[in-house]
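Enquirer: Can you keep this structure in mind? I'll have questions shortly.
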Amino acid sequence: MSINSVSSSSPLALAILNLNNQMTTLSAQLASGEKSTTYAGMGTNEGFAIAARSQLASISAFTDTMTNVTTQISAANNALQSLSSIGSQVQSAAAATPATLDSTGQTVAQENASAQLASMVGILNTQAGDRYMFSGTATNTPATVPVDQMLNGTTTQAGLKTVIAERAQADGTTGTGRLTISPTATTPITVTENAAGSPFGLKLSTVSSSLTGATVTGPAGSPAAVSIALGATNPNPGDQISLSFNLPDGTTASVQLTATTTTPAPAGSFTIGSTVAATSSNLNTALNSAIGTLAGTTLVAASAVAAGDNFFNTASVATGSAVSNQATTPTAITGATALSGTAGTDSLNPGFAAGDTITVNGTPITFVASGATGNEVNVTDSVQTLLSKIDSITGTSTPSTIDGGAIEIHTDDAASLSITSTPPTALAALGFSGTSVTAPQPPLRVSGTPLSSATSLVNGSANTVAWYTGNSGPGSALSTSTAQIDSAITVQYGAQANEAAIRSQLQSIAVFAAVTNSPTGTNSAAAIAALSQRTATNLTPQPGQQTIEEIQSQFSASQTIMTNATARQTQTQSMLQTMVDNTETVSTQTVASEILALQTSLQASYQTTSMLSQLSLTKYLPIGG
C-alpha cells in the first residue's frame with residue numbers, strides 16, 4: 001500500500017491557490033488604492049459610481065464657469081467703482097470751483113474734467129481676459145470711440161463740440177433766445193416765441209405782474225406770446241413784473257424787473273419815465289437787456305446740456321403744436337384742455353370724438369363718450385391724460401409734455417415709436433401733420449439753414465459720430481452675458497456703456513469738458529457758472545434714475561446666486577465622491593491587515609503541504625518490526 005503525494009487538484013492545493021489569488025488581488029489594491037482594474041471587479045454599486053462620476057464632472061465644469069464669471073464680475077465692479085469715483089470728483093469740482101476762465105476759455109474744473117473723461121473712456125474700453133466688459137454682446141469690440149473722436153469728430157462725422165455749437169445757434173444764445181420783443185414804440189409790449197412747436201430757444205411758461213394799472217396777459221396763442229400794456233398812469237416804485245421760461249434742458253429760469261425812479265436804472269430794474277410812453281420804452285429796453293443776458297448765460301448752459309443729450313442719448317421726441325376749439329381765435333392747448341375741445345363747435349380744431357382710435361406701437365387707445373376702462377379715454381378727459389396713457393404704452397423714462405400748445409411725445413427708443421389714428425386726420429387734434437407720428441432717430445442734429453432759424457431736430461446718424469460701438473439688447477444690459485452654473489440655474493453678468501447711469505455720467509462730464517467761452521466775454525463767467533451748476537446737479541443721483549451703484553448691486557445678486565450654488569455643489573460633490581470612493585477604492589490599512597492574515601494562512605498551508613509531501617509508509621511502520 002502507498003501514500004499519494006499532495007496533488008494540484010486536492011482540496012488543500014485549491015485552498016492554497018485561492019489564498020494566492022487573494023494575496024495577488026490585495027497586493028494590487030494596496031499598490032493602487034483601487035478595488036479593481038475592471039468595472040466587473042468593482043461590485044454591484046459600480047453603476048451608481050459611474051453616474052456619480054458624470055455628476056462630479058458637471059460640478060467641476062460649473063465650478064470652472066463660476067470662477068471665470070466671478071473674475072469678470074470682479075473686474076467690472078472695480079471698473080464701476082472707478083467710474084463712480086470719477087463722477088464724484090467731477091461733481092465736487094463743478095460745485096466748488098470758481099468760474100474763473102484761463103486763456104483756454106475754460107475753468108480748472110473743466111480742464112480736470114477733460115482728463116477724467118479720458119480716464120472714463122479708457123475704463124469703459126478695458127478688456128477683462130479676452131472680452132470688453134461694457135460692449136454688451138459685442139465682447140470683441142471696444143465700448144466707445146476714442147475720446148478725441150467723441151469730442152472732435154472725424155473728417156466726415158461731427159463730434160460733440162460741433163453738435164453743441166450748432167445747437168447754440170439754433171437756441172439763439174447770442175440774441176434773445178429765439179424770442180421776438182416788440183419795438184420800443186409799440187404798445188403794448190409783446191414777447192413772442194419764434195415758432196410754434198420748435199424745440200429751440202426760450203419757451204414762455206408764466207408771467208406775473210404787480211405793475212399798477214397794467215394789463216398783462218399770456219402766455220397764449222400759437223406761437224405763445226405775452227402782452228404787457230401799461231395803464232393810464234405809471235407804475236409805482238417797487239412794482240414788479242416777472243417772466244418765467246422753460247429751457248431746452250428741462251430746467252426753468254426767470255427774468256424779474258422792478259420799477260424805479262433811479263436813472264440809469266440798476267440791473268434788474270427799469271426807470272419810471274415822465275410819461276407812460278417813456279416808461280413803456282424803458283421797460284422794453286430793460287426787458288431786451290435782461291432776456292439777452294439770460295440767453296447769453298443760462299441758456300448757453302442749458303443749450304449745451306440739451307446738445308449733449310441729443311448726441312449721447314438714445315431717446316427721442318416727436319413734436320406737434322395744437323390749438324383748442326374753445327374759442328373763435330386760436331388758443332394754445334394745455335395739459336388741461338379737453339380732448340374733445342370742450343364746448344366749442346367752431347372749425348379751428350375738431351378735437352377727438354367718441355369712436356376715434358389712435359394706435360401706439362401697435363396698441364390701440366379708443367376714445368369713448370364716458371366710462372373709459374383699460375386702454376380707453378373719455379373725450380372729456382384732458383390732453384395730459386392721453387399723454388400719460390401714451391407714455392404707459394411706450395414705457396418712456398421721460399414723461400411727455402405740453403407747453404404753450406407744443407406737444408412733446410418722449411420715447412426711449414425712437415425706432416419703435418409709431419402712432420397712427422382712425423380716422424387718419426384725428427392726429428391733427430394734437431397738432432401733428434400727416435397720418436402718423438414718428439420720432440427722429442438719434443443722434444439728433446439741428447435741421448435747416450441758417451441754423452438760427454431752424455425749427456426741428458432730425459436724424460443725424462449719417463453725419464454724426466456714434467459714440468457707443470457695442471451692441472444693445474434685446475433685453476437688459478445685464479442679460480447680454482449669461483452663464484449656466486448649475487443644471488437649472490443661470491446667472492447674468494453683462495454690461496453696456498450706454499446704460500442710463502453710465503451714459504448720463506459720460507454725457508455730463510463730456511459736455512462740461514467740451515464747452516469753451518471767450519476769456520474776456522461779458523457773459524462768459526456767468527455762462528460757465530450756470531454750466532457748472534448743471535453739471536454738479538446732473539452728476540448727483542436723482543430719485544427714480546439708475547445709478548452706478550444699482551448696476552453693482554445687480555452684479556452682487558449674481559455673485560450671491562453663485563455663492564449659494566457653490567455651497568450646494570460642495571455638499572453634493574462630497575456625497576458623490578464618498579459614494580465613488582466606497583464603491584471603487586479600498587482602505588490601505590484594511591488591505592494591509594488582510595494581507596498579514598493571508599500571509600499567516602499561507603504560511604500555515606505551505607507548512608502543512610510540506611509536511612504532507614514528506615509522508616511515506618515507512619513513517620508508519622514500527623521500528624525494528
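How things are named: the first chain in the C-alpha cells is A, the next is B, and so on; residues count from 1 in each chain; ligands count from 1 in the order shown.
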Give me, as a count of residues only, the residues of stretch 439-512 of chain A that a backbone DSSP run labels strand (DSSP E or B).
Expert: 20
Enquirer: Which residues of stretch 276-315 of chain A come within 12 Å of stretch 464-477 of chain A, and for each one, what is the closest pair of atoms and their distance in Å to one decimal, counting only C-alpha atoms, sorted by chain and residue number, as a tab-separated table?
Expert:
```
residue	atom	partner	partner_atom	distance
A:Gly308	CA	A:Trp467	CA	11.5
A:Asn310	CA	A:Thr464	CA	10.7
A:Phe311	CA	A:Trp467	CA	8.2
A:Phe312	CA	A:Trp467	CA	7.1
A:Asn313	CA	A:Trp467	CA	10.0
A:Thr314	CA	A:Tyr468	CA	10.2
```
Enquirer: Hey, can you spit out that residue selection with N, CA and C atoms as a short mmCIF file (atom, residue, chain, number, x, y, z; two decimals), in the first residue's frame?
Expert:
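Dumped to part-v1.cif:
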```cif
data_model
loop_
_atom_site.label_atom_id
_atom_site.label_comp_id
_atom_site.auth_asym_id
_atom_site.auth_seq_id
_atom_site.Cartn_x
_atom_site.Cartn_y
_atom_site.Cartn_z
N GLY A 308 -25.80 117.82 -25.55
CA GLY A 308 -25.19 116.59 -25.07
C GLY A 308 -26.19 115.45 -25.07
N ASN A 310 -28.80 115.26 -27.07
CA ASN A 310 -29.02 114.93 -28.48
C ASN A 310 -27.94 114.01 -29.02
N PHE A 311 -26.71 114.18 -28.53
CA PHE A 311 -25.56 113.41 -29.03
C PHE A 311 -25.46 112.03 -28.37
N PHE A 312 -25.67 111.97 -27.05
CA PHE A 312 -25.42 110.73 -26.32
C PHE A 312 -26.65 109.86 -26.12
N ASN A 313 -27.81 110.46 -26.00
CA ASN A 313 -28.99 109.72 -25.57
C ASN A 313 -29.64 108.99 -26.73
N THR A 314 -30.17 107.81 -26.46
CA THR A 314 -30.90 107.06 -27.48
C THR A 314 -32.38 107.42 -27.50
#
```
Enquirer: Using DSSP on the backbone coordinates, identify all residues within stretch 302-466 of chain A classified as alpha helix (DSSP H); present the result as a list in words.
Expert: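 Put together, the selection reads Ala302, Ser303, Ala304, Val305, Ala306, Ala307, Gly308, Asp309, Asn310, Phe311, Phe312, Val383, Gln384, Thr385, Leu386, Leu387, Ser388, Lys389, Ile390, Asp391, Ser392, Ile393 and Thr394 of chain A.
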Enquirer: Go ahead and write the residues just picked, N, CA, C and O atoms, as a CSV table (one decimal), in the first residue's frame.
Expert:
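Output saved as selection-v4.csv:
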```csv
chain,number,residue,atom,x,y,z
A,302,ALA,N,-27.9,125.6,-20.7
A,302,ALA,CA,-29.0,124.7,-21.0
A,302,ALA,C,-28.9,124.1,-22.4
A,302,ALA,O,-29.2,123.0,-22.6
A,303,SER,N,-28.5,125.0,-23.3
A,303,SER,CA,-28.4,124.5,-24.7
A,303,SER,C,-27.3,123.5,-24.9
A,303,SER,O,-27.4,122.5,-25.6
A,304,ALA,N,-26.1,123.7,-24.2
A,304,ALA,CA,-25.0,122.7,-24.2
A,304,ALA,C,-25.5,121.4,-23.6
A,304,ALA,O,-25.2,120.3,-24.2
A,305,VAL,N,-26.2,121.4,-22.5
A,305,VAL,CA,-26.7,120.2,-21.9
A,305,VAL,C,-27.7,119.5,-22.8
A,305,VAL,O,-27.6,118.2,-23.0
A,306,ALA,N,-28.6,120.2,-23.5
A,306,ALA,CA,-29.5,119.6,-24.4
A,306,ALA,C,-28.8,119.0,-25.6
A,306,ALA,O,-29.2,117.9,-26.1
A,307,ALA,N,-27.8,119.7,-26.1
A,307,ALA,CA,-27.0,119.2,-27.2
A,307,ALA,C,-26.3,117.9,-26.8
A,307,ALA,O,-26.2,116.9,-27.6
A,308,GLY,N,-25.8,117.8,-25.6
A,308,GLY,CA,-25.2,116.6,-25.1
A,308,GLY,C,-26.2,115.5,-25.1
A,308,GLY,O,-25.9,114.3,-25.4
A,309,ASP,N,-27.4,115.7,-24.7
A,309,ASP,CA,-28.5,114.7,-24.7
A,309,ASP,C,-28.8,114.3,-26.1
A,309,ASP,O,-29.0,113.1,-26.4
A,310,ASN,N,-28.8,115.3,-27.1
A,310,ASN,CA,-29.0,114.9,-28.5
A,310,ASN,C,-27.9,114.0,-29.0
A,310,ASN,O,-28.2,113.1,-29.8
A,311,PHE,N,-26.7,114.2,-28.5
A,311,PHE,CA,-25.6,113.4,-29.0
A,311,PHE,C,-25.5,112.0,-28.4
A,311,PHE,O,-25.2,111.0,-29.0
A,312,PHE,N,-25.7,112.0,-27.1
A,312,PHE,CA,-25.4,110.7,-26.3
A,312,PHE,C,-26.6,109.9,-26.1
A,312,PHE,O,-26.5,108.6,-26.0
A,383,VAL,N,-55.9,116.5,-22.3
A,383,VAL,CA,-54.9,116.1,-23.1
A,383,VAL,C,-53.8,115.4,-22.4
A,383,VAL,O,-53.2,114.4,-22.8
A,384,GLN,N,-53.5,115.9,-21.1
A,384,GLN,CA,-52.4,115.3,-20.3
A,384,GLN,C,-52.8,113.8,-20.0
A,384,GLN,O,-51.9,113.0,-19.9
A,385,THR,N,-54.1,113.5,-19.8
A,385,THR,CA,-54.5,112.1,-19.5
A,385,THR,C,-54.1,111.2,-20.7
A,385,THR,O,-53.6,110.1,-20.5
A,386,LEU,N,-54.3,111.7,-21.9
A,386,LEU,CA,-54.0,111.0,-23.1
A,386,LEU,C,-52.5,110.8,-23.2
A,386,LEU,O,-52.0,109.7,-23.5
A,387,LEU,N,-51.7,111.8,-22.9
A,387,LEU,CA,-50.2,111.7,-23.0
A,387,LEU,C,-49.7,110.7,-22.0
A,387,LEU,O,-48.8,109.9,-22.3
A,388,SER,N,-50.3,110.7,-20.8
A,388,SER,CA,-49.9,109.7,-19.8
A,388,SER,C,-50.2,108.3,-20.3
A,388,SER,O,-49.5,107.3,-20.0
A,389,LYS,N,-51.4,108.1,-21.0
A,389,LYS,CA,-51.8,106.8,-21.5
A,389,LYS,C,-50.8,106.4,-22.6
A,389,LYS,O,-50.3,105.2,-22.6
A,390,ILE,N,-50.3,107.3,-23.4
A,390,ILE,CA,-49.4,107.0,-24.4
A,390,ILE,C,-48.0,106.6,-23.8
A,390,ILE,O,-47.4,105.6,-24.2
A,391,ASP,N,-47.6,107.3,-22.7
A,391,ASP,CA,-46.4,107.0,-22.0
A,391,ASP,C,-46.4,105.7,-21.4
A,391,ASP,O,-45.4,105.0,-21.3
A,392,SER,N,-47.6,105.3,-20.9
A,392,SER,CA,-47.6,103.9,-20.3
A,392,SER,C,-47.4,102.8,-21.3
A,392,SER,O,-47.0,101.7,-20.9
A,393,ILE,N,-47.7,103.1,-22.5
A,393,ILE,CA,-47.5,102.1,-23.6
A,393,ILE,C,-46.1,102.1,-24.1
A,393,ILE,O,-45.5,101.1,-24.3
A,394,THR,N,-45.5,103.3,-24.3
A,394,THR,CA,-44.2,103.4,-24.8
A,394,THR,C,-43.1,103.1,-23.8
A,394,THR,O,-42.0,102.7,-24.1
```
Enquirer: Give me, as a CSV table (one decimal) with all heavy atoms, in the first residue's frame, all polymer residues having an atom no more than 12 Å from A:Ile502, counting only C-alpha atoms and skipping those fewer than 6 positions away in the same chain.
Expert:
```
chain,number,residue,atom,x,y,z
A,79,ALA,N,-14.1,98.4,-12.2
A,79,ALA,CA,-14.3,99.5,-13.2
A,79,ALA,C,-15.4,100.4,-12.8
A,79,ALA,O,-15.3,101.6,-12.9
A,79,ALA,CB,-14.6,98.8,-14.5
A,80,LEU,N,-16.6,99.8,-12.3
A,80,LEU,CA,-17.7,100.7,-11.9
A,80,LEU,C,-17.3,101.5,-10.7
A,80,LEU,O,-17.8,102.7,-10.6
A,80,LEU,CB,-18.9,99.8,-11.6
A,80,LEU,CG,-19.6,99.1,-12.8
A,80,LEU,CD1,-20.6,98.1,-12.4
A,80,LEU,CD2,-20.2,100.1,-13.7
A,81,GLN,N,-16.6,101.0,-9.8
A,81,GLN,CA,-16.1,101.7,-8.6
A,81,GLN,C,-15.3,102.9,-9.1
A,81,GLN,O,-15.4,104.0,-8.5
A,81,GLN,CB,-15.4,100.9,-7.7
A,81,GLN,CG,-15.2,101.5,-6.3
A,81,GLN,CD,-16.5,101.9,-5.6
A,81,GLN,OE1,-17.4,101.1,-5.6
A,81,GLN,NE2,-16.5,103.1,-5.1
A,82,SER,N,-14.4,102.7,-10.1
A,82,SER,CA,-13.6,103.8,-10.6
A,82,SER,C,-14.5,104.8,-11.3
A,82,SER,O,-14.2,106.1,-11.1
A,82,SER,CB,-12.6,103.2,-11.6
A,82,SER,OG,-11.7,102.4,-10.9
A,83,LEU,N,-15.5,104.4,-12.0
A,83,LEU,CA,-16.4,105.3,-12.7
A,83,LEU,C,-17.1,106.2,-11.6
A,83,LEU,O,-17.3,107.4,-11.8
A,83,LEU,CB,-17.4,104.6,-13.5
A,83,LEU,CG,-16.8,103.8,-14.8
A,83,LEU,CD1,-18.0,103.2,-15.5
A,83,LEU,CD2,-16.1,104.8,-15.7
A,84,SER,N,-17.6,105.5,-10.6
A,84,SER,CA,-18.3,106.2,-9.5
A,84,SER,C,-17.4,107.3,-8.9
A,84,SER,O,-17.8,108.4,-8.6
A,84,SER,CB,-18.8,105.2,-8.5
A,84,SER,OG,-19.5,105.9,-7.4
A,86,ILE,N,-14.8,108.8,-10.3
A,86,ILE,CA,-14.7,109.9,-11.3
A,86,ILE,C,-15.8,110.8,-11.2
A,86,ILE,O,-15.7,112.1,-11.2
A,86,ILE,CB,-14.5,109.3,-12.7
A,86,ILE,CG1,-13.1,108.7,-12.8
A,86,ILE,CG2,-14.6,110.4,-13.8
A,86,ILE,CD1,-12.9,107.9,-14.1
A,87,GLY,N,-17.0,110.3,-11.2
A,87,GLY,CA,-18.2,111.1,-11.2
A,87,GLY,C,-18.3,112.0,-9.9
A,87,GLY,O,-18.6,113.2,-10.0
A,120,MET,N,-12.3,107.9,-18.0
A,120,MET,CA,-13.6,107.1,-18.1
A,120,MET,C,-13.7,106.3,-19.4
A,120,MET,O,-14.1,105.1,-19.3
A,120,MET,CB,-14.8,108.1,-17.9
A,120,MET,CG,-16.1,107.4,-17.8
A,120,MET,SD,-17.5,108.6,-17.4
A,120,MET,CE,-18.9,107.5,-17.3
A,121,VAL,N,-13.4,106.9,-20.5
A,121,VAL,CA,-13.4,106.2,-21.8
A,121,VAL,C,-12.5,105.0,-21.7
A,121,VAL,O,-12.8,103.9,-22.2
A,121,VAL,CB,-13.1,107.2,-22.9
A,121,VAL,CG1,-12.9,106.4,-24.2
A,121,VAL,CG2,-14.2,108.2,-23.1
A,123,ILE,N,-11.5,103.3,-19.1
A,123,ILE,CA,-12.1,102.3,-18.3
A,123,ILE,C,-13.2,101.5,-19.0
A,123,ILE,O,-13.2,100.3,-19.0
A,123,ILE,CB,-12.7,102.9,-17.0
A,123,ILE,CG1,-11.5,103.4,-16.1
A,123,ILE,CG2,-13.5,101.9,-16.2
A,123,ILE,CD1,-12.0,104.3,-14.9
A,124,LEU,N,-14.0,102.2,-19.7
A,124,LEU,CA,-15.1,101.6,-20.5
A,124,LEU,C,-14.6,100.7,-21.6
A,124,LEU,O,-15.3,99.7,-22.0
A,124,LEU,CB,-16.1,102.6,-21.0
A,124,LEU,CG,-16.9,103.4,-20.0
A,124,LEU,CD1,-17.7,104.5,-20.7
A,124,LEU,CD2,-17.8,102.5,-19.2
A,134,PHE,N,-17.9,96.3,-21.3
A,134,PHE,CA,-19.1,97.2,-21.4
A,134,PHE,C,-19.6,97.3,-22.8
A,134,PHE,O,-20.1,98.4,-23.2
A,134,PHE,CB,-18.7,98.6,-20.8
A,134,PHE,CG,-18.4,98.5,-19.4
A,134,PHE,CD1,-17.1,98.4,-18.9
A,134,PHE,CD2,-19.4,98.6,-18.4
A,134,PHE,CE1,-16.8,98.4,-17.5
A,134,PHE,CE2,-19.1,98.5,-17.1
A,134,PHE,CZ,-17.8,98.5,-16.6
A,143,ALA,N,-16.1,99.5,-26.3
A,143,ALA,CA,-17.5,100.0,-26.0
A,143,ALA,C,-17.7,101.4,-26.6
A,143,ALA,O,-18.8,101.7,-27.0
A,143,ALA,CB,-17.7,100.1,-24.5
A,144,THR,N,-16.7,102.2,-26.7
A,144,THR,CA,-16.9,103.6,-27.2
A,144,THR,C,-15.8,103.9,-28.2
A,144,THR,O,-14.7,103.2,-28.3
A,144,THR,CB,-16.8,104.6,-26.1
A,144,THR,OG1,-15.4,104.9,-25.7
A,144,THR,CG2,-17.6,104.2,-24.9
A,312,PHE,N,-25.7,112.0,-27.1
A,312,PHE,CA,-25.4,110.7,-26.3
A,312,PHE,C,-26.6,109.9,-26.1
A,312,PHE,O,-26.5,108.6,-26.0
A,312,PHE,CB,-24.8,111.0,-24.9
A,312,PHE,CG,-23.4,111.4,-24.9
A,312,PHE,CD1,-23.0,112.8,-24.9
A,312,PHE,CD2,-22.4,110.5,-25.0
A,312,PHE,CE1,-21.7,113.1,-24.9
A,312,PHE,CE2,-21.1,110.8,-25.0
A,312,PHE,CZ,-20.7,112.2,-25.0
A,313,ASN,N,-27.8,110.5,-26.0
A,313,ASN,CA,-29.0,109.7,-25.6
A,313,ASN,C,-29.6,109.0,-26.7
A,313,ASN,O,-29.7,109.5,-27.9
A,313,ASN,CB,-30.0,110.7,-24.9
A,313,ASN,CG,-30.9,110.0,-24.0
A,313,ASN,OD1,-31.0,108.7,-24.0
A,313,ASN,ND2,-31.6,110.7,-23.2
A,468,TYR,N,-21.2,105.2,-28.9
A,468,TYR,CA,-21.3,103.8,-28.4
A,468,TYR,C,-21.1,102.8,-29.5
A,468,TYR,O,-21.8,102.8,-30.5
A,468,TYR,CB,-22.6,103.5,-27.7
A,468,TYR,CG,-22.7,102.1,-27.1
A,468,TYR,CD1,-21.9,101.7,-26.1
A,468,TYR,CD2,-23.7,101.3,-27.6
A,468,TYR,CE1,-22.0,100.4,-25.6
A,468,TYR,CE2,-23.9,100.0,-27.1
A,468,TYR,CZ,-23.0,99.5,-26.1
A,468,TYR,OH,-23.1,98.3,-25.6
A,477,ALA,N,-29.2,95.2,-20.2
A,477,ALA,CA,-27.7,95.1,-20.4
A,477,ALA,C,-27.2,93.9,-19.7
A,477,ALA,O,-26.3,93.2,-20.1
A,477,ALA,CB,-27.1,96.4,-19.9
A,495,ALA,N,-22.9,94.0,-19.3
A,495,ALA,CA,-22.9,95.4,-19.0
A,495,ALA,C,-22.7,96.2,-20.3
A,495,ALA,O,-22.1,95.6,-21.3
A,495,ALA,CB,-21.8,95.8,-18.1
A,496,GLN,N,-23.3,97.4,-20.4
A,496,GLN,CA,-23.2,98.2,-21.6
A,496,GLN,C,-22.8,99.6,-21.2
A,496,GLN,O,-23.4,100.2,-20.2
A,496,GLN,CB,-24.5,98.2,-22.4
A,496,GLN,CG,-24.8,96.9,-23.0
A,496,GLN,CD,-26.2,96.8,-23.6
A,496,GLN,OE1,-26.7,95.8,-24.0
A,496,GLN,NE2,-26.9,98.0,-23.7
A,508,SER,N,-22.6,114.0,-19.0
A,508,SER,CA,-22.4,115.3,-18.2
A,508,SER,C,-20.9,115.7,-18.2
A,508,SER,O,-20.6,116.9,-18.4
A,508,SER,CB,-22.9,115.0,-16.8
A,508,SER,OG,-24.3,114.8,-16.8
A,509,ILE,N,-20.0,114.7,-18.1
A,509,ILE,CA,-18.6,115.1,-18.0
A,509,ILE,C,-18.1,115.5,-19.4
A,509,ILE,O,-17.3,116.5,-19.5
A,509,ILE,CB,-17.8,113.9,-17.5
A,509,ILE,CG1,-18.2,113.6,-16.0
A,509,ILE,CG2,-16.3,114.1,-17.6
A,509,ILE,CD1,-17.5,112.3,-15.5
A,539,LEU,N,-24.7,115.2,-12.1
A,539,LEU,CA,-23.9,114.1,-11.6
A,539,LEU,C,-24.3,113.7,-10.2
A,539,LEU,O,-23.7,112.8,-9.6
A,539,LEU,CB,-22.4,114.6,-11.6
A,539,LEU,CG,-21.7,114.7,-12.9
A,539,LEU,CD1,-20.3,115.3,-12.8
A,539,LEU,CD2,-21.7,113.3,-13.6
A,541,PRO,N,-26.9,111.7,-7.9
A,541,PRO,CA,-28.0,110.7,-8.1
A,541,PRO,C,-29.4,111.3,-7.8
A,541,PRO,O,-29.6,112.0,-6.8
A,541,PRO,CB,-27.6,109.6,-7.1
A,541,PRO,CG,-26.2,109.8,-7.0
A,541,PRO,CD,-25.9,111.2,-7.0
A,545,GLN,N,-33.8,107.5,-10.9
A,545,GLN,CA,-32.9,107.3,-12.0
A,545,GLN,C,-31.9,106.2,-11.6
A,545,GLN,O,-31.5,106.1,-10.5
A,545,GLN,CB,-32.2,108.6,-12.3
A,545,GLN,CG,-33.1,109.7,-12.8
A,545,GLN,CD,-32.3,111.0,-13.2
A,545,GLN,OE1,-31.1,111.1,-12.8
A,545,GLN,NE2,-33.0,111.9,-13.7
A,546,GLN,N,-31.5,105.4,-12.6
A,546,GLN,CA,-30.5,104.4,-12.4
A,546,GLN,C,-29.2,105.0,-11.9
A,546,GLN,O,-28.8,106.1,-12.4
A,546,GLN,CB,-30.2,103.6,-13.7
A,546,GLN,CG,-29.3,102.4,-13.5
A,546,GLN,CD,-28.9,101.8,-14.8
A,546,GLN,OE1,-28.5,102.5,-15.7
A,546,GLN,NE2,-28.9,100.4,-14.9
A,547,THR,N,-28.5,104.3,-11.0
A,547,THR,CA,-27.2,104.7,-10.6
A,547,THR,C,-26.2,103.6,-10.8
A,547,THR,O,-26.5,102.5,-11.1
A,547,THR,CB,-27.2,105.1,-9.1
A,547,THR,OG1,-27.5,103.8,-8.3
A,547,THR,CG2,-28.2,106.1,-8.7
A,548,ILE,N,-24.9,104.0,-10.8
A,548,ILE,CA,-23.8,103.0,-11.0
A,548,ILE,C,-23.9,102.0,-9.8
A,548,ILE,O,-23.7,100.8,-10.1
A,548,ILE,CB,-22.5,103.7,-11.0
A,548,ILE,CG1,-22.3,104.5,-12.3
A,548,ILE,CG2,-21.3,102.7,-10.8
A,548,ILE,CD1,-21.1,105.2,-12.5
A,549,GLU,N,-24.3,102.4,-8.6
A,549,GLU,CA,-24.4,101.5,-7.5
A,549,GLU,C,-25.5,100.4,-7.8
A,549,GLU,O,-25.4,99.3,-7.3
A,549,GLU,CB,-24.7,102.3,-6.2
A,549,GLU,CG,-23.6,103.1,-5.7
A,549,GLU,CD,-23.3,104.3,-6.5
A,549,GLU,OE1,-24.1,104.8,-7.3
A,549,GLU,OE2,-22.1,104.8,-6.4
A,550,GLU,N,-26.5,100.8,-8.5
A,550,GLU,CA,-27.6,99.8,-8.9
A,550,GLU,C,-27.0,98.8,-9.8
A,550,GLU,O,-27.4,97.6,-9.7
A,550,GLU,CB,-28.7,100.5,-9.6
A,550,GLU,CG,-29.6,101.3,-8.6
A,550,GLU,CD,-30.8,102.0,-9.3
A,550,GLU,OE1,-31.2,101.5,-10.4
A,550,GLU,OE2,-31.3,103.0,-8.8
A,551,ILE,N,-26.2,99.1,-10.7
A,551,ILE,CA,-25.5,98.2,-11.6
A,551,ILE,C,-24.7,97.2,-10.8
A,551,ILE,O,-24.7,96.0,-11.0
A,551,ILE,CB,-24.7,98.9,-12.7
A,551,ILE,CG1,-25.6,99.8,-13.5
A,551,ILE,CG2,-24.0,97.8,-13.6
A,551,ILE,CD1,-24.8,100.6,-14.6
A,552,GLN,N,-23.9,97.8,-9.8
A,552,GLN,CA,-23.1,97.0,-9.0
A,552,GLN,C,-23.9,96.0,-8.1
A,552,GLN,O,-23.5,94.9,-7.9
A,552,GLN,CB,-22.3,97.9,-8.0
A,552,GLN,CG,-21.1,98.6,-8.8
A,552,GLN,CD,-20.4,99.5,-7.8
A,552,GLN,OE1,-20.9,100.4,-7.2
A,552,GLN,NE2,-19.1,99.2,-7.7
```
Enquirer: Considering only C-alpha atoms, state which residue in the set A:Leu204, A:Ala267, A:Leu230, A:Ala530 is at the smallest distance from A:Asn246.
Expert: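 Of A:Leu204, A:Ala267, A:Leu230, A:Ala530, the one nearest A:Asn246 is A:Leu204, counting only C-alpha atoms.
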Enquirer: Using only C-alpha atoms, which residue out of A:Val300, A:Ala513, A:Ala557, A:Ala488 lies closest to A:Gln116?
Expert: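 Of A:Val300, A:Ala513, A:Ala557, A:Ala488, the one nearest A:Gln116, counting only C-alpha atoms, is A:Ala513.
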Enquirer: For atom CA of A:Ala94 and atom CA of A:Ser532, quote the distance in Å rounded to one decimal.
Expert: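 Taking atom CA of A:Ala94 and atom CA of A:Ser532, their separation equals 4.9 Å.
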Enquirer: Using only C-alpha atoms, which residues of stretch 418-521 of chain A come within 12 Å of stretch 157-181 of chain A, and what is the closest atom pair for each, with the distance in Å to one decimal? Give it as a Markdown table, sorted by chain and residue number.
Expert:
```
| residue | atom | partner | partner_atom | distance |
| --- | --- | --- | --- | --- |
| A:Pro443 | CA | A:Val163 | CA | 9.6 |
| A:Leu444 | CA | A:Val163 | CA | 8.6 |
| A:Arg445 | CA | A:Val163 | CA | 6.8 |
| A:Val446 | CA | A:Arg167 | CA | 6.4 |
| A:Ser447 | CA | A:Ala170 | CA | 9.1 |
| A:Gly448 | CA | A:Ala170 | CA | 9.5 |
| A:Thr449 | CA | A:Ala170 | CA | 9.8 |
| A:Pro450 | CA | A:Ala170 | CA | 8.5 |
| A:Leu451 | CA | A:Ala170 | CA | 5.1 |
| A:Ser452 | CA | A:Ala170 | CA | 4.4 |
| A:Ser453 | CA | A:Ala170 | CA | 6.6 |
| A:Ala454 | CA | A:Ala170 | CA | 6.0 |
| A:Thr455 | CA | A:Ala170 | CA | 8.0 |
| A:Ser456 | CA | A:Ala170 | CA | 9.3 |
| A:Leu457 | CA | A:Arg167 | CA | 9.6 |
| A:Gly460 | CA | A:Ala158 | CA | 9.2 |
| A:Ser461 | CA | A:Gln157 | CA | 8.8 |
| A:Ala462 | CA | A:Gln157 | CA | 7.7 |
| A:Asn463 | CA | A:Gln157 | CA | 4.5 |
| A:Thr464 | CA | A:Gln157 | CA | 4.5 |
| A:Val465 | CA | A:Gln157 | CA | 5.4 |
| A:Ala466 | CA | A:Gly159 | CA | 8.8 |
| A:Trp467 | CA | A:Gly159 | CA | 8.8 |
| A:Leu506 | CA | A:Leu160 | CA | 11.9 |
| A:Gln507 | CA | A:Leu160 | CA | 9.7 |
| A:Ser508 | CA | A:Leu160 | CA | 11.7 |
| A:Ile509 | CA | A:Leu160 | CA | 11.8 |
| A:Ala510 | CA | A:Leu160 | CA | 8.1 |
| A:Val511 | CA | A:Leu160 | CA | 7.7 |
| A:Phe512 | CA | A:Lys161 | CA | 10.7 |
| A:Ala513 | CA | A:Lys161 | CA | 9.7 |
| A:Ala514 | CA | A:Lys161 | CA | 6.0 |
| A:Val515 | CA | A:Lys161 | CA | 7.3 |
| A:Thr516 | CA | A:Lys161 | CA | 9.5 |
| A:Asn517 | CA | A:Ala165 | CA | 11.3 |
| A:Gly521 | CA | A:Thr174 | CA | 11.7 |
```
Enquirer: Report as a PyMOL selection string all protein, DNA and RNA residues lying within 12 Å of A:Asp412, evaluated on only C-alpha atoms, omitting residues in the same chain fewer than 4 positions from it.
Expert: chain A and resi 309+313-318+391+393-400+416-417+439-442+499-500
